[in-house]
file final12.pdb (PDB, C-alpha atoms, pLDDT in the B column)
ATOM      1  CA  MET B 169       0.000   0.000   0.000  1.00 90.00           C
ATOM      2  CA  LEU B 170       1.282   3.427  -0.901  1.00 96.00           C
ATOM      3  CA  PRO B 171       1.734   5.892   1.941  1.00 97.00           C
ATOM      4  CA  SER B 172       0.049   9.266   2.004  1.00 98.00           C
ATOM      5  CA  LEU B 173       2.350  12.269   1.899  1.00 99.00           C
ATOM      6  CA  PHE B 174       2.492  15.835   3.057  1.00 99.00           C
ATOM      7  CA  ILE B 175       4.844  17.894   0.893  1.00 98.00           C
ATOM      8  CA  ALA B 176       5.739  21.528   1.403  1.00 98.00           C
ATOM      9  CA  HIS B 177       5.575  23.306  -1.952  1.00 97.00           C
ATOM     10  CA  GLY B 178       7.682  26.270  -0.803  1.00 95.00           C
ATOM     11  CA  ALA B 179       8.009  29.323  -3.024  1.00 93.00           C
ATOM     12  CA  PRO B 180       7.203  29.074  -6.764  1.00 94.00           C
ATOM     13  CA  LEU B 181      10.937  29.346  -7.556  1.00 94.00           C
ATOM     14  CA  LEU B 182      11.335  25.722  -6.491  1.00 95.00           C
ATOM     15  CA  ALA B 183      10.077  24.862  -9.956  1.00 95.00           C
ATOM     16  CA  VAL B 184      13.339  26.095 -11.526  1.00 95.00           C
ATOM     17  CA  GLU B 185      15.838  25.738  -8.672  1.00 95.00           C
ATOM     18  CA  ASN B 186      18.387  23.008  -8.121  1.00 96.00           C
ATOM     19  CA  ASN B 187      18.956  22.672  -4.394  1.00 95.00           C
ATOM     20  CA  GLU B 188      18.852  20.193  -1.535  1.00 96.00           C
ATOM     21  CA  TYR B 189      15.070  20.142  -1.429  1.00 98.00           C
ATOM     22  CA  THR B 190      14.362  19.887  -5.161  1.00 98.00           C
ATOM     23  CA  GLN B 191      16.910  17.068  -5.410  1.00 98.00           C
ATOM     24  CA  PHE B 192      15.197  15.272  -2.542  1.00 98.00           C
ATOM     25  CA  LEU B 193      11.773  15.491  -4.183  1.00 98.00           C
ATOM     26  CA  SER B 194      13.154  14.292  -7.506  1.00 98.00           C
ATOM     27  CA  GLN B 195      14.643  11.237  -5.803  1.00 98.00           C
ATOM     28  CA  LEU B 196      11.467  10.613  -3.803  1.00 98.00           C
ATOM     29  CA  GLY B 197       9.457  10.277  -7.001  1.00 97.00           C
ATOM     30  CA  LYS B 198      11.886   7.600  -8.188  1.00 96.00           C
ATOM     31  CA  GLN B 199      11.833   5.717  -4.877  1.00 96.00           C
ATOM     32  CA  LEU B 200       8.067   5.468  -4.485  1.00 96.00           C
ATOM     33  CA  SER B 201       6.158   2.658  -6.127  1.00 94.00           C
ATOM     34  CA  ARG B 202       4.600   4.022  -9.285  1.00 96.00           C
ATOM     35  CA  PRO B 203       1.064   5.179  -8.431  1.00 98.00           C
ATOM     36  CA  LYS B 204      -1.973   4.511 -10.572  1.00 98.00           C
ATOM     37  CA  ALA B 205      -3.106   8.086  -9.920  1.00 98.00           C
ATOM     38  CA  ILE B 206      -2.460  10.999  -7.567  1.00 98.00           C
ATOM     39  CA  VAL B 207      -5.056  12.728  -5.398  1.00 99.00           C
ATOM     40  CA  LEU B 208      -3.647  16.109  -4.401  1.00 99.00           C
ATOM     41  CA  PHE B 209      -5.008  18.670  -1.933  1.00 99.00           C
ATOM     42  CA  SER B 210      -3.497  22.077  -2.723  1.00 98.00           C
ATOM     43  CA  ALA B 211      -3.333  24.954  -0.261  1.00 98.00           C
ATOM     44  CA  HIS B 212      -3.874  27.297  -3.198  1.00 98.00           C
ATOM     45  CA  TRP B 213      -7.347  26.036  -3.980  1.00 98.00           C
ATOM     46  CA  GLU B 214      -9.737  27.224  -1.286  1.00 98.00           C
ATOM     47  CA  ALA B 215     -13.446  26.439  -1.366  1.00 98.00           C
ATOM     48  CA  ARG B 216     -16.273  26.447   1.179  1.00 97.00           C
ATOM     49  CA  ILE B 217     -17.310  22.961   0.080  1.00 98.00           C
ATOM     50  CA  GLN B 218     -14.959  20.130  -0.798  1.00 98.00           C
ATOM     51  CA  LYS B 219     -14.268  20.219  -4.544  1.00 98.00           C
ATOM     52  CA  VAL B 220     -13.317  17.183  -6.619  1.00 98.00           C
ATOM     53  CA  SER B 221     -11.886  17.689 -10.115  1.00 98.00           C
ATOM     54  CA  GLU B 222     -13.364  15.811 -13.049  1.00 98.00           C
ATOM     55  CA  VAL B 223     -10.999  17.122 -15.699  1.00 96.00           C
ATOM     56  CA  ASP B 224      -9.700  15.430 -18.851  1.00 97.00           C
ATOM     57  CA  GLN B 225      -6.723  17.745 -19.396  1.00 98.00           C
ATOM     58  CA  TYR B 226      -5.575  20.357 -16.882  1.00 98.00           C
ATOM     59  CA  SER B 227      -4.655  23.887 -17.854  1.00 98.00           C
ATOM     60  CA  MET B 228      -1.970  25.826 -15.975  1.00 98.00           C
ATOM     61  CA  ILE B 229      -2.672  28.398 -13.271  1.00 98.00           C
ATOM     62  CA  TYR B 230       0.170  30.845 -12.566  1.00 97.00           C
ATOM     63  CA  ASP B 231      -1.151  32.126  -9.254  1.00 95.00           C
ATOM     64  CA  PHE B 232       1.795  34.319  -8.223  1.00 93.00           C
ATOM     65  CA  GLY B 233       3.545  37.515  -9.190  1.00 89.00           C
ATOM     66  CA  GLY B 234       6.925  39.185  -8.877  1.00 88.00           C
ATOM     67  CA  PHE B 235       8.979  36.100  -9.742  1.00 92.00           C
ATOM     68  CA  ASP B 236      11.155  35.206 -12.721  1.00 92.00           C
ATOM     69  CA  PRO B 237       8.950  35.325 -15.872  1.00 94.00           C
ATOM     70  CA  VAL B 238      10.291  31.898 -16.837  1.00 95.00           C
ATOM     71  CA  LEU B 239       7.847  30.434 -14.312  1.00 96.00           C
ATOM     72  CA  ASN B 240       4.928  31.606 -16.442  1.00 96.00           C
ATOM     73  CA  ARG B 241       6.174  29.531 -19.365  1.00 96.00           C
ATOM     74  CA  ILE B 242       6.316  26.236 -17.478  1.00 97.00           C
ATOM     75  CA  GLN B 243       3.940  23.568 -18.716  1.00 98.00           C
ATOM     76  CA  TYR B 244       2.850  20.450 -16.871  1.00 98.00           C
ATOM     77  CA  PRO B 245       0.312  18.697 -19.123  1.00 98.00           C
ATOM     78  CA  ALA B 246      -1.374  16.558 -16.487  1.00 98.00           C
ATOM     79  CA  VAL B 247      -4.508  14.586 -17.265  1.00 98.00           C
ATOM     80  CA  GLY B 248      -7.324  13.611 -14.938  1.00 98.00           C
ATOM     81  CA  ASN B 249      -9.195  10.372 -14.330  1.00 98.00           C
ATOM     82  CA  LYS B 250     -12.958  10.663 -14.099  1.00 97.00           C
ATOM     83  CA  ASP B 251     -13.455   7.099 -12.868  1.00 98.00           C
ATOM     84  CA  ILE B 252     -11.268   7.729  -9.830  1.00 98.00           C
ATOM     85  CA  ALA B 253     -12.919  11.111  -9.300  1.00 98.00           C
ATOM     86  CA  LYS B 254     -16.304   9.388  -9.187  1.00 98.00           C
ATOM     87  CA  GLU B 255     -14.906   6.816  -6.749  1.00 98.00           C
ATOM     88  CA  ILE B 256     -13.851   9.694  -4.493  1.00 98.00           C
ATOM     89  CA  GLU B 257     -17.332  11.171  -4.780  1.00 98.00           C
ATOM     90  CA  ASP B 258     -18.846   7.832  -3.734  1.00 98.00           C
ATOM     91  CA  LEU B 259     -16.531   7.656  -0.723  1.00 98.00           C
ATOM     92  CA  PHE B 260     -17.517  11.176   0.331  1.00 98.00           C
ATOM     93  CA  THR B 261     -21.190  10.314  -0.060  1.00 98.00           C
ATOM     94  CA  SER B 262     -20.871   7.210   2.117  1.00 98.00           C
ATOM     95  CA  SER B 263     -19.027   9.268   4.766  1.00 98.00           C
ATOM     96  CA  ALA B 264     -21.626  12.083   4.646  1.00 98.00           C
ATOM     97  CA  ILE B 265     -19.041  14.618   3.461  1.00 98.00           C
ATOM     98  CA  PRO B 266     -20.528  17.407   1.311  1.00 98.00           C
ATOM     99  CA  PHE B 267     -18.726  17.958  -1.993  1.00 98.00           C
ATOM    100  CA  ALA B 268     -19.077  19.499  -5.430  1.00 98.00           C
ATOM    101  CA  VAL B 269     -17.606  18.524  -8.786  1.00 98.00           C
ATOM    102  CA  GLU B 270     -15.236  20.912 -10.602  1.00 98.00           C
ATOM    103  CA  ARG B 271     -14.861  20.415 -14.363  1.00 97.00           C
ATOM    104  CA  GLN B 272     -12.823  23.428 -15.510  1.00 96.00           C
ATOM    105  CA  ARG B 273     -10.187  24.515 -12.999  1.00 98.00           C
ATOM    106  CA  GLY B 274      -6.534  23.958 -13.883  1.00 98.00           C
ATOM    107  CA  LEU B 275      -3.590  23.133 -11.632  1.00 98.00           C
ATOM    108  CA  ASP B 276      -2.229  25.893  -9.384  1.00 98.00           C
ATOM    109  CA  HIS B 277       1.439  26.106  -8.405  1.00 97.00           C
ATOM    110  CA  GLY B 278       0.769  24.306  -5.119  1.00 98.00           C
ATOM    111  CA  ALA B 279       0.006  21.289  -7.288  1.00 98.00           C
ATOM    112  CA  TRP B 280       2.223  21.538 -10.357  1.00 98.00           C
ATOM    113  CA  VAL B 281       5.449  22.546  -8.580  1.00 98.00           C
ATOM    114  CA  VAL B 282       5.279  19.404  -6.440  1.00 98.00           C
ATOM    115  CA  LEU B 283       4.091  17.121  -9.232  1.00 98.00           C
ATOM    116  CA  ARG B 284       6.712  18.371 -11.677  1.00 97.00           C
ATOM    117  CA  LEU B 285       9.506  17.580  -9.223  1.00 98.00           C
ATOM    118  CA  LEU B 286       8.132  14.137  -8.335  1.00 98.00           C
ATOM    119  CA  TYR B 287       6.983  13.047 -11.795  1.00 98.00           C
ATOM    120  CA  PRO B 288       8.420  15.418 -14.433  1.00 97.00           C
ATOM    121  CA  ASN B 289       6.879  13.586 -17.391  1.00 97.00           C
ATOM    122  CA  ALA B 290       3.278  14.243 -16.261  1.00 97.00           C
ATOM    123  CA  GLU B 291       2.428  10.631 -17.038  1.00 97.00           C
ATOM    124  CA  ILE B 292       0.324   9.926 -13.931  1.00 98.00           C
ATOM    125  CA  PRO B 293      -3.350  11.028 -13.788  1.00 98.00           C
ATOM    126  CA  VAL B 294      -4.173  13.656 -11.170  1.00 98.00           C
ATOM    127  CA  ILE B 295      -7.353  14.381  -9.238  1.00 98.00           C
ATOM    128  CA  SER B 296      -7.053  17.878  -7.823  1.00 98.00           C
ATOM    129  CA  MET B 297      -8.776  18.634  -4.511  1.00 98.00           C
ATOM    130  CA  SER B 298      -9.630  21.868  -2.710  1.00 98.00           C
ATOM    131  CA  VAL B 299      -9.095  22.795   0.946  1.00 98.00           C
ATOM    132  CA  ASN B 300     -11.464  24.572   3.308  1.00 98.00           C
ATOM    133  CA  PRO B 301      -9.831  26.703   6.043  1.00 96.00           C
ATOM    134  CA  GLN B 302     -13.262  27.268   7.613  1.00 96.00           C
ATOM    135  CA  LEU B 303     -13.462  23.683   8.879  1.00 97.00           C
ATOM    136  CA  ASN B 304     -11.847  22.511  12.103  1.00 97.00           C
ATOM    137  CA  LEU B 305      -8.957  20.048  11.999  1.00 98.00           C
ATOM    138  CA  GLU B 306     -11.120  17.130  13.064  1.00 98.00           C
ATOM    139  CA  GLU B 307     -13.286  17.689   9.983  1.00 98.00           C
ATOM    140  CA  HIS B 308     -10.191  17.812   7.765  1.00 98.00           C
ATOM    141  CA  TYR B 309      -8.997  14.545   9.269  1.00 98.00           C
ATOM    142  CA  LYS B 310     -12.379  12.965   8.493  1.00 98.00           C
ATOM    143  CA  ILE B 311     -12.068  13.999   4.835  1.00 98.00           C
ATOM    144  CA  GLY B 312      -8.648  12.378   4.572  1.00 98.00           C
ATOM    145  CA  LYS B 313      -9.847   9.274   6.401  1.00 98.00           C
ATOM    146  CA  ALA B 314     -12.708   8.854   3.934  1.00 98.00           C
ATOM    147  CA  LEU B 315     -10.132   8.386   1.159  1.00 98.00           C
ATOM    148  CA  GLU B 316      -7.878   5.928   2.966  1.00 98.00           C
ATOM    149  CA  GLN B 317      -8.942   2.880   0.987  1.00 97.00           C
ATOM    150  CA  LEU B 318      -7.725   4.499  -2.247  1.00 98.00           C
ATOM    151  CA  ARG B 319      -4.206   3.727  -1.082  1.00 98.00           C
ATOM    152  CA  LYS B 320      -4.970   0.006  -1.389  1.00 96.00           C
ATOM    153  CA  HIS B 321      -5.427   0.564  -5.118  1.00 96.00           C
ATOM    154  CA  ASP B 322      -2.040   2.220  -5.645  1.00 97.00           C
ATOM    155  CA  ILE B 323      -3.405   5.758  -5.515  1.00 98.00           C
ATOM    156  CA  LEU B 324      -1.065   8.283  -3.932  1.00 98.00           C
ATOM    157  CA  ILE B 325      -2.656  10.899  -1.678  1.00 98.00           C
ATOM    158  CA  ILE B 326      -0.691  14.144  -1.254  1.00 99.00           C
ATOM    159  CA  GLY B 327      -1.346  17.225   0.830  1.00 98.00           C
ATOM    160  CA  SER B 328       0.613  20.190  -0.546  1.00 98.00           C
ATOM    161  CA  GLY B 329       1.158  23.179   1.741  1.00 98.00           C
ATOM    162  CA  GLY B 330       3.612  24.196   4.447  1.00 98.00           C
ATOM    163  CA  THR B 331       3.964  23.500   8.168  1.00 98.00           C
ATOM    164  CA  VAL B 332       5.572  26.909   8.749  1.00 98.00           C
ATOM    165  CA  HIS B 333       4.308  29.360   6.156  1.00 97.00           C
ATOM    166  CA  ASN B 334       4.196  33.031   7.139  1.00 97.00           C
ATOM    167  CA  LEU B 335       4.911  35.268   4.156  1.00 93.00           C
ATOM    168  CA  ARG B 336       5.070  38.395   6.330  1.00 94.00           C
ATOM    169  CA  ALA B 337       7.908  36.922   8.404  1.00 96.00           C
ATOM    170  CA  LEU B 338      10.156  35.749   5.560  1.00 95.00           C
ATOM    171  CA  ASN B 339      13.721  36.955   5.146  1.00 94.00           C
ATOM    172  CA  TRP B 340      13.974  37.201   1.371  1.00 90.00           C
ATOM    173  CA  ALA B 341      17.707  37.919   1.650  1.00 90.00           C
ATOM    174  CA  ASP B 342      17.978  34.226   2.565  1.00 91.00           C
ATOM    175  CA  ASP B 343      21.299  34.489   4.400  1.00 92.00           C
ATOM    176  CA  GLY B 344      21.121  30.884   5.618  1.00 92.00           C
ATOM    177  CA  SER B 345      19.948  31.655   9.139  1.00 96.00           C
ATOM    178  CA  VAL B 346      16.855  29.913  10.530  1.00 97.00           C
ATOM    179  CA  ASP B 347      14.486  31.493  13.042  1.00 98.00           C
ATOM    180  CA  GLN B 348      14.350  29.534  16.275  1.00 98.00           C
ATOM    181  CA  TRP B 349      10.586  29.904  16.595  1.00 98.00           C
ATOM    182  CA  ALA B 350      10.091  28.069  13.296  1.00 98.00           C
ATOM    183  CA  VAL B 351      12.290  25.180  14.418  1.00 98.00           C
ATOM    184  CA  GLU B 352      10.511  24.972  17.775  1.00 98.00           C
ATOM    185  CA  PHE B 353       7.119  24.765  16.093  1.00 98.00           C
ATOM    186  CA  ASP B 354       8.271  22.077  13.659  1.00 98.00           C
ATOM    187  CA  GLU B 355       9.851  20.066  16.481  1.00 98.00           C
ATOM    188  CA  TRP B 356       6.638  20.258  18.501  1.00 98.00           C
ATOM    189  CA  LEU B 357       4.720  19.157  15.427  1.00 98.00           C
ATOM    190  CA  ALA B 358       7.095  16.252  14.794  1.00 98.00           C
ATOM    191  CA  GLN B 359       6.608  14.911  18.297  1.00 98.00           C
ATOM    192  CA  THR B 360       2.839  15.340  18.040  1.00 98.00           C
ATOM    193  CA  LEU B 361       2.594  13.582  14.693  1.00 98.00           C
ATOM    194  CA  GLN B 362       4.882  10.722  15.677  1.00 98.00           C
ATOM    195  CA  GLN B 363       2.791  10.112  18.796  1.00 98.00           C
ATOM    196  CA  TRP B 364      -0.365  10.475  16.674  1.00 98.00           C
ATOM    197  CA  ASP B 365      -1.630  12.823  19.356  1.00 98.00           C
ATOM    198  CA  LEU B 366      -4.760  14.108  17.675  1.00 98.00           C
ATOM    199  CA  SER B 367      -5.993  15.940  20.755  1.00 98.00           C
ATOM    200  CA  SER B 368      -2.865  18.119  20.897  1.00 98.00           C
ATOM    201  CA  LEU B 369      -2.829  18.536  17.138  1.00 98.00           C
ATOM    202  CA  TYR B 370      -6.431  19.724  17.014  1.00 98.00           C
ATOM    203  CA  SER B 371      -5.637  22.336  19.671  1.00 98.00           C
ATOM    204  CA  TYR B 372      -2.275  23.361  18.172  1.00 98.00           C
ATOM    205  CA  GLN B 373      -3.193  27.053  18.271  1.00 96.00           C
ATOM    206  CA  SER B 374      -3.075  26.985  22.084  1.00 97.00           C
ATOM    207  CA  THR B 375      -0.570  24.172  22.690  1.00 96.00           C
ATOM    208  CA  ALA B 376       2.164  24.592  20.062  1.00 98.00           C
ATOM    209  CA  PRO B 377       5.009  27.092  20.572  1.00 98.00           C
ATOM    210  CA  SER B 378       4.847  30.109  18.244  1.00 98.00           C
ATOM    211  CA  ALA B 379       1.682  28.771  16.614  1.00 98.00           C
ATOM    212  CA  GLU B 380       0.484  32.227  15.563  1.00 97.00           C
ATOM    213  CA  LEU B 381       3.778  32.900  13.791  1.00 97.00           C
ATOM    214  CA  ALA B 382       4.051  29.477  12.167  1.00 98.00           C
ATOM    215  CA  VAL B 383       0.392  29.243  11.139  1.00 98.00           C
ATOM    216  CA  PRO B 384      -0.973  32.798  11.041  1.00 96.00           C
ATOM    217  CA  PRO B 385      -4.758  33.219  10.794  1.00 90.00           C
ATOM    218  CA  TYR B 386      -4.431  34.245   7.138  1.00 91.00           C
ATOM    219  CA  GLY B 387      -2.263  31.179   6.378  1.00 90.00           C
ATOM    220  CA  LYS B 388      -4.197  28.218   7.769  1.00 96.00           C
ATOM    221  CA  GLU B 389      -4.796  26.901   4.263  1.00 98.00           C
ATOM    222  CA  HIS B 390      -1.137  25.845   4.080  1.00 98.00           C
ATOM    223  CA  PHE B 391      -1.236  23.851   7.310  1.00 98.00           C
ATOM    224  CA  ILE B 392      -4.418  21.851   6.781  1.00 98.00           C
ATOM    225  CA  PRO B 393      -3.209  19.737   3.796  1.00 98.00           C
ATOM    226  CA  LEU B 394      -1.070  17.967   6.409  1.00 98.00           C
ATOM    227  CA  ILE B 395      -4.249  16.843   8.174  1.00 98.00           C
ATOM    228  CA  TYR B 396      -5.829  15.411   5.017  1.00 98.00           C
ATOM    229  CA  ALA B 397      -2.704  13.331   4.406  1.00 98.00           C
ATOM    230  CA  MET B 398      -2.612  12.198   8.026  1.00 98.00           C
ATOM    231  CA  GLY B 399      -6.270  11.203   8.025  1.00 98.00           C
ATOM    232  CA  ALA B 400      -5.676   9.037   4.957  1.00 98.00           C
ATOM    233  CA  ALA B 401      -3.452   6.797   7.126  1.00 98.00           C
ATOM    234  CA  ASP B 402      -5.769   6.424  10.100  1.00 98.00           C
ATOM    235  CA  ARG B 403      -5.653   2.616  10.213  1.00 97.00           C
ATOM    236  CA  VAL B 404      -1.866   2.486  10.442  1.00 97.00           C
ATOM    237  CA  GLN B 405      -1.078   5.489  12.576  1.00 98.00           C
ATOM    238  CA  LYS B 406       2.562   5.959  11.734  1.00 98.00           C
ATOM    239  CA  ALA B 407       4.215   9.280  10.849  1.00 98.00           C
ATOM    240  CA  THR B 408       7.753   9.513   9.449  1.00 98.00           C
ATOM    241  CA  LEU B 409       9.631  12.729   8.741  1.00 98.00           C
ATOM    242  CA  LEU B 410      11.412  12.251   5.417  1.00 98.00           C
ATOM    243  CA  HIS B 411      12.928  15.706   5.016  1.00 98.00           C
ATOM    244  CA  ARG B 412      13.063  19.099   6.672  1.00 98.00           C
ATOM    245  CA  SER B 413      15.009  22.171   5.663  1.00 97.00           C
ATOM    246  CA  TYR B 414      14.340  25.916   5.588  1.00 97.00           C
ATOM    247  CA  ARG B 415      14.521  28.833   3.190  1.00 96.00           C
ATOM    248  CA  TYR B 416      14.106  32.559   3.737  1.00 96.00           C
ATOM    249  CA  GLY B 417      14.627  32.295   7.496  1.00 97.00           C
ATOM    250  CA  ASN B 418      11.573  30.229   8.373  1.00 98.00           C
ATOM    251  CA  LEU B 419       9.815  28.771   5.315  1.00 98.00           C
ATOM    252  CA  SER B 420       9.695  25.094   6.192  1.00 98.00           C
ATOM    253  CA  HIS B 421      10.364  22.472   3.527  1.00 98.00           C
ATOM    254  CA  SER B 422       8.927  19.475   5.336  1.00 98.00           C
ATOM    255  CA  VAL B 423       7.958  16.137   3.852  1.00 98.00           C
ATOM    256  CA  TRP B 424       5.966  13.690   5.964  1.00 98.00           C
ATOM    257  CA  LYS B 425       5.053  10.097   5.162  1.00 98.00           C
ATOM    258  CA  PHE B 426       1.980   8.599   6.801  1.00 98.00           C
ATOM    259  CA  GLY B 427       1.183   4.910   7.007  1.00 97.00           C
TER     260      GLY B 427
END

call {"tool": "encode", "arguments": {"input": "final12.pdb", "output": "structure tokens"}}
result
Amino acid sequence: MLPSLFIAHGAPLLAVENNEYTQFLSQLGKQLSRPKAIVLFSAHWEARIQKVSEVDQYSMIYDFGGFDPVLNRIQYPAVGNKDIAKEIEDLFTSSAIPFAVERQRGLDHGAWVVLRLLYPNAEIPVISMSVNPQLNLEEHYKIGKALEQLRKHDILIIGSGGTVHNLRALNWADDGSVDQWAVEFDEWLAQTLQQWDLSSLYSYQSTAPSAELAVPPYGKEHFIPLIYAMGAADRVQKATLLHRSYRYGNLSHSVWKFG
């Protein structure tokens, strides 16, 4: 059975950079068993109801500005899989999870940056999924849990976001230093995930050190993809940190494997 993954998508520049983190993701794609399809929750697709993509061919969404124009010329010609999308819809129905079908939206950079590094040839079908910051973490976990059986059929579930993602706190000079508060939050999170301590996780805003800096109120959408991925491994409650590094002082590049 494939694991579920949480992957930090970092800044859009990851798409054209060659560094420790991009090399790690490229190798990870080669090490994983080849999935039949990928279900990906992107922090950059917010919706008040869970959206499921039924798309034949995805267009590109360049949802950023102020970066190298070369990013706006990148193509990742991913295709969808309507049969798997309908299977997801059936699972949500049986778990009483409200959803809506999306038939037009393309892939945002939270999806295509990660996918391009893992599987550069765009040969694996993708079902893109939205996130809803208005829900509580227990509800996010339930959504991920509803999809757990997909992993038995060689479908890879990915949450794409960031454990520490505060754009207002970044040091764009990127002098190599790392803010201690970011490390402390990630270390608290690592212990909580490895113990599968859902109670502490659900109350992270009051229990985790520097929670308001690491996950600011305007940035919750980057944290919650972690919970979808975790929920998708509920039966085998095992969390493994595969990689962690930092850019711009505190932007966490964390990769977690669940299951």

call {"tool": "atom_distance", "arguments": {"input": "final12.pdb", "atom1": "CA of Gln199 in chain B", "atom2": "CA of Lys254 in chain B"}}
result
28.7 Å

call {"tool": "atom_distance", "arguments": {"input": "final12.pdb", "atom1": "CA of Ile323 in chain B", "atom2": "CA of Ala397 in chain B"}}
result
12.5 Å

call {"tool": "resolve_selection", "arguments": {"input": "final12.pdb", "expression": "the PyMOL selection byres ((chain B and resi 315) around 12)", "output": "MDAnalysis selection string"}}
result
chainID B and resid 172 206:209 252:253 255:263 265 297 308:314 316:321 323:326 396:403

call {"tool": "atom_distance", "arguments": {"input": "final12.pdb", "atom1": "CA of Ile392 in chain B", "atom2": "CA of Ala211 in chain B"}}
result
7.8 Å

call {"tool": "closest_residue", "arguments": {"input": "final12.pdb", "among": "B:Arg336, B:His390, B:His177, B:Lys406", "to": "Gln359 in chain B", "atoms": "all atoms listed in the file"}}
result
B:Lys406

call {"tool": "residues_near_point", "arguments": {"input": "final12.pdb", "point": "(0.1, 22.6, 21.4)", "cutoff": "12 Å", "atoms": "all atoms listed in the file", "output": "PyMOL selection string"}}
result
chain B and resi 352-361+365-380

call {"tool": "closest_residue", "arguments": {"input": "final12.pdb", "among": "B:Arg202, B:His411, B:His277, B:Lys425", "to": "Leu239 in chain B", "atoms": "only C-alpha atoms"}}
result
B:His277

call {"tool": "resolve_selection", "arguments": {"input": "final12.pdb", "expression": "the PyMOL selection byres ((chain B and resi 222-229) around 6)", "output": "list of chain:residue names"}}
result
B:Ser221, B:Tyr230, B:Asp231, B:Ala246, B:Val247, B:Gly248, B:Lys250, B:Glu270, B:Arg271, B:Gly274, B:Leu275, B:Asp276

call {"tool": "write_last_selection", "arguments": {"input": "final12.pdb", "atoms": "C-alpha atoms", "output": "compact mmCIF listing (two decimals), in the frame of the given file"}}
result
# COMPACT_ATOMS: atom_id res chain seq x y z
CA SER B 221 -11.89 17.69 -10.12
CA TYR B 230 0.17 30.84 -12.57
CA ASP B 231 -1.15 32.13 -9.25
CA ALA B 246 -1.37 16.56 -16.49
CA VAL B 247 -4.51 14.59 -17.26
CA GLY B 248 -7.32 13.61 -14.94
CA LYS B 250 -12.96 10.66 -14.10
CA GLU B 270 -15.24 20.91 -10.60
CA ARG B 271 -14.86 20.42 -14.36
CA GLY B 274 -6.53 23.96 -13.88
CA LEU B 275 -3.59 23.13 -11.63
CA ASP B 276 -2.23 25.89 -9.38

call {"tool": "closest_residue", "arguments": {"input": "final12.pdb", "among": "B:Leu419, B:Ala205, B:Ala179, B:Ile242", "to": "Ser345 in chain B", "atoms": "all atoms listed in the file"}}
result
B:Leu419

call {"tool": "closest_residue", "arguments": {"input": "final12.pdb", "among": "B:Gln195, B:Ala382, B:Asn339, B:Ser328", "to": "Val423 in chain B", "atoms": "only C-alpha atoms"}}
result
B:Ser328

call {"tool": "resolve_selection", "arguments": {"input": "final12.pdb", "expression": "the PyMOL selection byres ((chain B and resi 212-214) around 7)", "output": "PDB file with C-alpha atoms, in the frame of the given file"}}
result
ATOM      1  CA  SER B 210      -3.497  22.077  -2.723  1.00 98.00           C
ATOM      2  CA  ALA B 211      -3.333  24.954  -0.261  1.00 98.00           C
ATOM      3  CA  ALA B 215     -13.446  26.439  -1.366  1.00 98.00           C
ATOM      4  CA  ASP B 276      -2.229  25.893  -9.384  1.00 98.00           C
ATOM      5  CA  GLY B 278       0.769  24.306  -5.119  1.00 98.00           C
ATOM      6  CA  SER B 298      -9.630  21.868  -2.710  1.00 98.00           C
ATOM      7  CA  VAL B 299      -9.095  22.795   0.946  1.00 98.00           C
ATOM      8  CA  ASN B 300     -11.464  24.572   3.308  1.00 98.00           C
TER       9      ASN B 300
END

call {"tool": "closest_residue", "arguments": {"input": "final12.pdb", "among": "B:His333, B:Lys198, B:Arg216, B:Lys204", "to": "Pro288 in chain B", "atoms": "all atoms listed in the file"}}
result
B:Lys198

call {"tool": "residues_near_point", "arguments": {"input": "final12.pdb", "point": "(15.0, 27.9, 6.4)", "cutoff": "10 Å", "atoms": "all atoms listed in the file", "output": "tab-separated table (two decimals) with C-alpha atoms, keeping the file's coordinate frame"}}
result
chain	number	residue	atom	x	y	z
B	332	VAL	CA	5.57	26.91	8.75
B	338	LEU	CA	10.16	35.75	5.56
B	339	ASN	CA	13.72	36.96	5.15
B	342	ASP	CA	17.98	34.23	2.56
B	343	ASP	CA	21.30	34.49	4.40
B	344	GLY	CA	21.12	30.88	5.62
B	345	SER	CA	19.95	31.66	9.14
B	346	VAL	CA	16.86	29.91	10.53
B	347	ASP	CA	14.49	31.49	13.04
B	350	ALA	CA	10.09	28.07	13.30
B	351	VAL	CA	12.29	25.18	14.42
B	412	ARG	CA	13.06	19.10	6.67
B	413	SER	CA	15.01	22.17	5.66
B	414	TYR	CA	14.34	25.92	5.59
B	415	ARG	CA	14.52	28.83	3.19
B	416	TYR	CA	14.11	32.56	3.74
B	417	GLY	CA	14.63	32.30	7.50
B	418	ASN	CA	11.57	30.23	8.37
B	419	LEU	CA	9.82	28.77	5.32
B	420	SER	CA	9.70	25.09	6.19
B	421	HIS	CA	10.36	22.47	3.53

call {"tool": "closest_residue", "arguments": {"input": "final12.pdb", "among": "B:Trp424, B:Val404, B:Ala264, B:Trp340", "to": "Met169 in chain B", "atoms": "only C-alpha atoms"}}
result
B:Val404

call {"tool": "residues_around", "arguments": {"input": "final12.pdb", "residues": "Gly387 in chain B", "least_positions_apart": "2", "cutoff": "9 Å", "atoms": "only C-alpha atoms", "output": "PyMOL selection string"}}
result
chain B and resi 301+333-335+382-385+389-391
